[in-house]
Structures are given as C-alpha cells and as structure tokens.
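A quick write-up on the structure given underneath.
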Amino acid sequence: MMRVTDAYRFNFYTTTLDNLQSQINTDENEIASGLQVTNPSDNPAAYAQNVEIQAQESTNTQYASTLNSLNTQGTFYSSAVNSIGNVLTTIQQLAVEQSSSTVDADSRSSAADEVNDLIEQLAAVGNTKVGDSYIFGGTMSNNPPYTVDTLGGAPVVTFAGSANVNQVAVTNSTTVDAGISGQTIFTGTANGQSVDIFQTLQTFSQDLANTAGLSTAQQTAALQTDLGNINNCVDLTADNLATVGTYTKNIGNLLTANGTVSTTLTEDSGDLVNADMAKVVSDYSTLTTAYQAALYTMSKVESMSILNYLPASSV
C-alpha cells in the first residue's frame, strides 16, 4: 500500500484552503457590489449581452431626453394657442359690436386702435421663445419668425420663419415633428375657406379706420364681411387646439412606452449580472464554515504527524 507522505497531505490541505478562500473572496465581492458579473472572465456570454443592453439603455435615455424636451415644449404650444384663441375671441366680440349700422365713426376708430394692439400681441405670441428656440419658427428657429411694421395704420405682420419643421428620432424606428410651425397656427382652412389670421385682422383694422373712405353703409358691409372672416379665424384656432392636443398626447404616449422599454432593459440587465443575494449569503456562510473546519482538521493532522519525528520515550 502506498504511504501518503506529509508533503502530499500538506499540499492537499493548502490547495483545499486556497480554493475555499477564493470562493469566499468571490462571494464577498458579490455581497459588497450586488453583482455576480463585473468582468468578462466572470461570465463571458453574460458580460457581452450586458454590454449590448447598456448600449440600448444609453440610446433609450437619449430618446427619453428628446421626448421630455418635446413634452415641455408642448405645454408652451398649448398655452400659446389658448392665448391666440382668447385674443381672437376679444376681437370677435369687437367685430360683432362694430359691424352694427348704429356704431359711429369715433367708436370704430377707437376699436381700430384696440385691434392694432391685439395684432401686436398676437405677433408676440408668434415669437414665443423657449430656451434658444422660437417654437413657431419651424426649421428656422434661431430668429423671431414674425416681424411687425407698425408704421402707417394697421400693423403689417410678416412671417420670416419656415413652414417646415425638423424631424427627430424618438425610437429606433420612429421620428416625430420637433415642433409646429407658425404657418400652421396662423394660416390654414376653416369652414372650407382659406384663413390668414394676420391678414384678416389687418383688413378688419383698416375697415374700422375706414382708410378706403367708404360710405357708412359700405363700411358696415365691409365690417360684416370681416366678422365672418374673424369667425373662421376663431374656428381655425379651435382646430389648432385639437392639433396641439393630439401632438402632446402622442408625445406623452411615446414617453410612457420609453419608460416601459427602460424598465425592461434594466430588468434584463439585472437578470444577467445581479447576484442572487439570498443564495450568495447562504453560500458564503457554508464556505466560511467549511474553511474553518478545514483549518481545524489540518491543524490536528499536522500536529499528529509531528509525532513521527519525536524520539521514543523511555519509561
């Protein structure tokens, strides 16, 4: 029978202790970090999958940032179009009053001044700026989209922006409008009629001031026509409120979907790299117990082996 040498026995125990200590160190790291995969060598396949997921998370975070900006911008669109509607309602009421044949010239002249002020107010709404961008400028958002010439009677408002808007990616396969052009808000079609809000109000102001020198009957008829056109402006703005509502709702839905994707990616990453803490703690306890037991056994066996080298005692 082959005799087990002391050197072999010692190497066996030290190897066992080293292996146990290595496993203990691994469990300690997992307990401290909460992760079972931190380096490629821990689990090459899981590590590679997690790197891909992290790239997807980064892209999804960028999409979320874009959507949050659009969502914030949407509140400014809603506020602006509501303001336009309020101004037009005021002008509509003026038109109802001033289109009556009983209104005198002084009243209409005063109303023209009021309308001029409201036109400038609308132009200011059209030049709403959020951060560094004019939200109604379309692709030309760096400069005010509306200029106002106030010389010589009714203000003349000119659109200097773009009817086109930029497109931005919000998912890997989806792009949306980055805004709404003022051309969409202040011009369009209502009740089957072409509508230009600023042109309509400019004409209304001029008719109130009677710059064409019309007779009273002719001026009243012109103002009644203006009232119909202003009603179309009000209806166009109501349609635009619905358009803005649809736009902001779509952004909100995309934000919700983005959050769902983010949660899924986080869970997938966790499944790959997170440690099972209950199992790790249990394993750690078992390994430390085994380590202590191995130390104890080694000390006993090694101390007994020393007797082989002691001289026989005489009685």
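By order in the structure tokens, chains are A, B, ...; within a chain, residues start at 1; ligands start at 1, following the order shown.
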
Residues of stretch 117-208 of chain A in helix (DSSP H, G or I) according to DSSP, as a PyMOL selection string?
chain A and resi 117-126+182-186+197-208

Which residues come within 7 Å of stretch 136-145 of chain A, counting only C-alpha atoms, excluding same-chain residues fewer than 2 positions away, as a list in words?
Gly126, Asn127, Asp132, Ser133, Tyr134, Thr147, Phe159, Ala160, Gly161, Ser162, Ala163, Asn164, Val165, Asn166, Gly179, Ile180, Ser181 and Gly182 of chain A

Length of the atom CA of A:Thr246 to atom CA of A:Asn172 vector [Å]
21.9 Å

Using only C-alpha atoms, what does the table of stretch 53-116 of chain A residues within 12 Å of stretch 247-270 of chain A look like, with each row giving the shortest atom pair and its distance in Å to one decimal, sorted by chain and ascending number, as CSV?
residue,atom,partner,partner_atom,distance
A:Ile53,CA,A:Leu265,CA,6.5
A:Gln54,CA,A:Ser269,CA,7.8
A:Ala55,CA,A:Leu265,CA,10.2
A:Gln56,CA,A:Leu265,CA,7.8
A:Glu57,CA,A:Leu265,CA,6.6
A:Ser58,CA,A:Ser262,CA,9.6
A:Thr59,CA,A:Ser262,CA,10.1
A:Asn60,CA,A:Ser262,CA,6.9
A:Thr61,CA,A:Ser262,CA,7.8
A:Gln62,CA,A:Asn258,CA,10.3
A:Tyr63,CA,A:Asn258,CA,7.7
A:Ala64,CA,A:Asn258,CA,6.4
A:Ser65,CA,A:Leu255,CA,9.5
A:Thr66,CA,A:Leu255,CA,9.6
A:Leu67,CA,A:Leu255,CA,6.2
A:Asn68,CA,A:Leu255,CA,7.4
A:Ser69,CA,A:Ile251,CA,9.9
A:Leu70,CA,A:Ile251,CA,7.1
A:Asn71,CA,A:Ile251,CA,6.1
A:Thr72,CA,A:Thr248,CA,9.1
A:Gln73,CA,A:Thr248,CA,8.9
A:Gly74,CA,A:Thr248,CA,5.5
A:Thr75,CA,A:Thr248,CA,7.8
A:Phe76,CA,A:Thr248,CA,10.4
A:Tyr77,CA,A:Thr248,CA,9.0
A:Ser78,CA,A:Thr248,CA,8.6

Can you list, as an NGL selection string, all residues belonging to stretch 51-163 of chain A that DSSP tags as strand (DSSP E or B)?
:A and (129-130 or 133-134 or 146-149 or 156-159)

Spatial neighbours of stretch 219-232 of chain A, max dist 6 Å, only C-alpha atoms, sep filter under 2 positions, as a ChimeraX atom specification
/A:95,99,101,190,204,214-217,234-235

Select, from A:Thr128, A:Gln49, A:Gln202, A:Asn240, the residue with the minimum atom-to-atom distance to A:Gly85, counting only C-alpha atoms.
A:Asn240

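The space separating atom CA of A:Pro44 from atom CA of A:Thr14 comes to 29.3 Å.
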
10 Å contact set for A:Ser83, only C-alpha atoms, chain neighbours under 5 positions out, as a list of chain:residue names:
A:Tyr77, A:Ser78, A:Leu88, A:Thr89, A:Gln121, A:Leu122, A:Val125, A:Thr237

Considering only C-alpha atoms, return as an NGL selection string whatever protein or nucleic-acid residues lie within 8 Å of stretch 107-119 of chain A, sequence-local ones (same chain, fewer than 5 positions apart) excluded.
:A and (87 or 91 or 94 or 98 or 154-155 or 198 or 201-202 or 204-206 or 208-209)
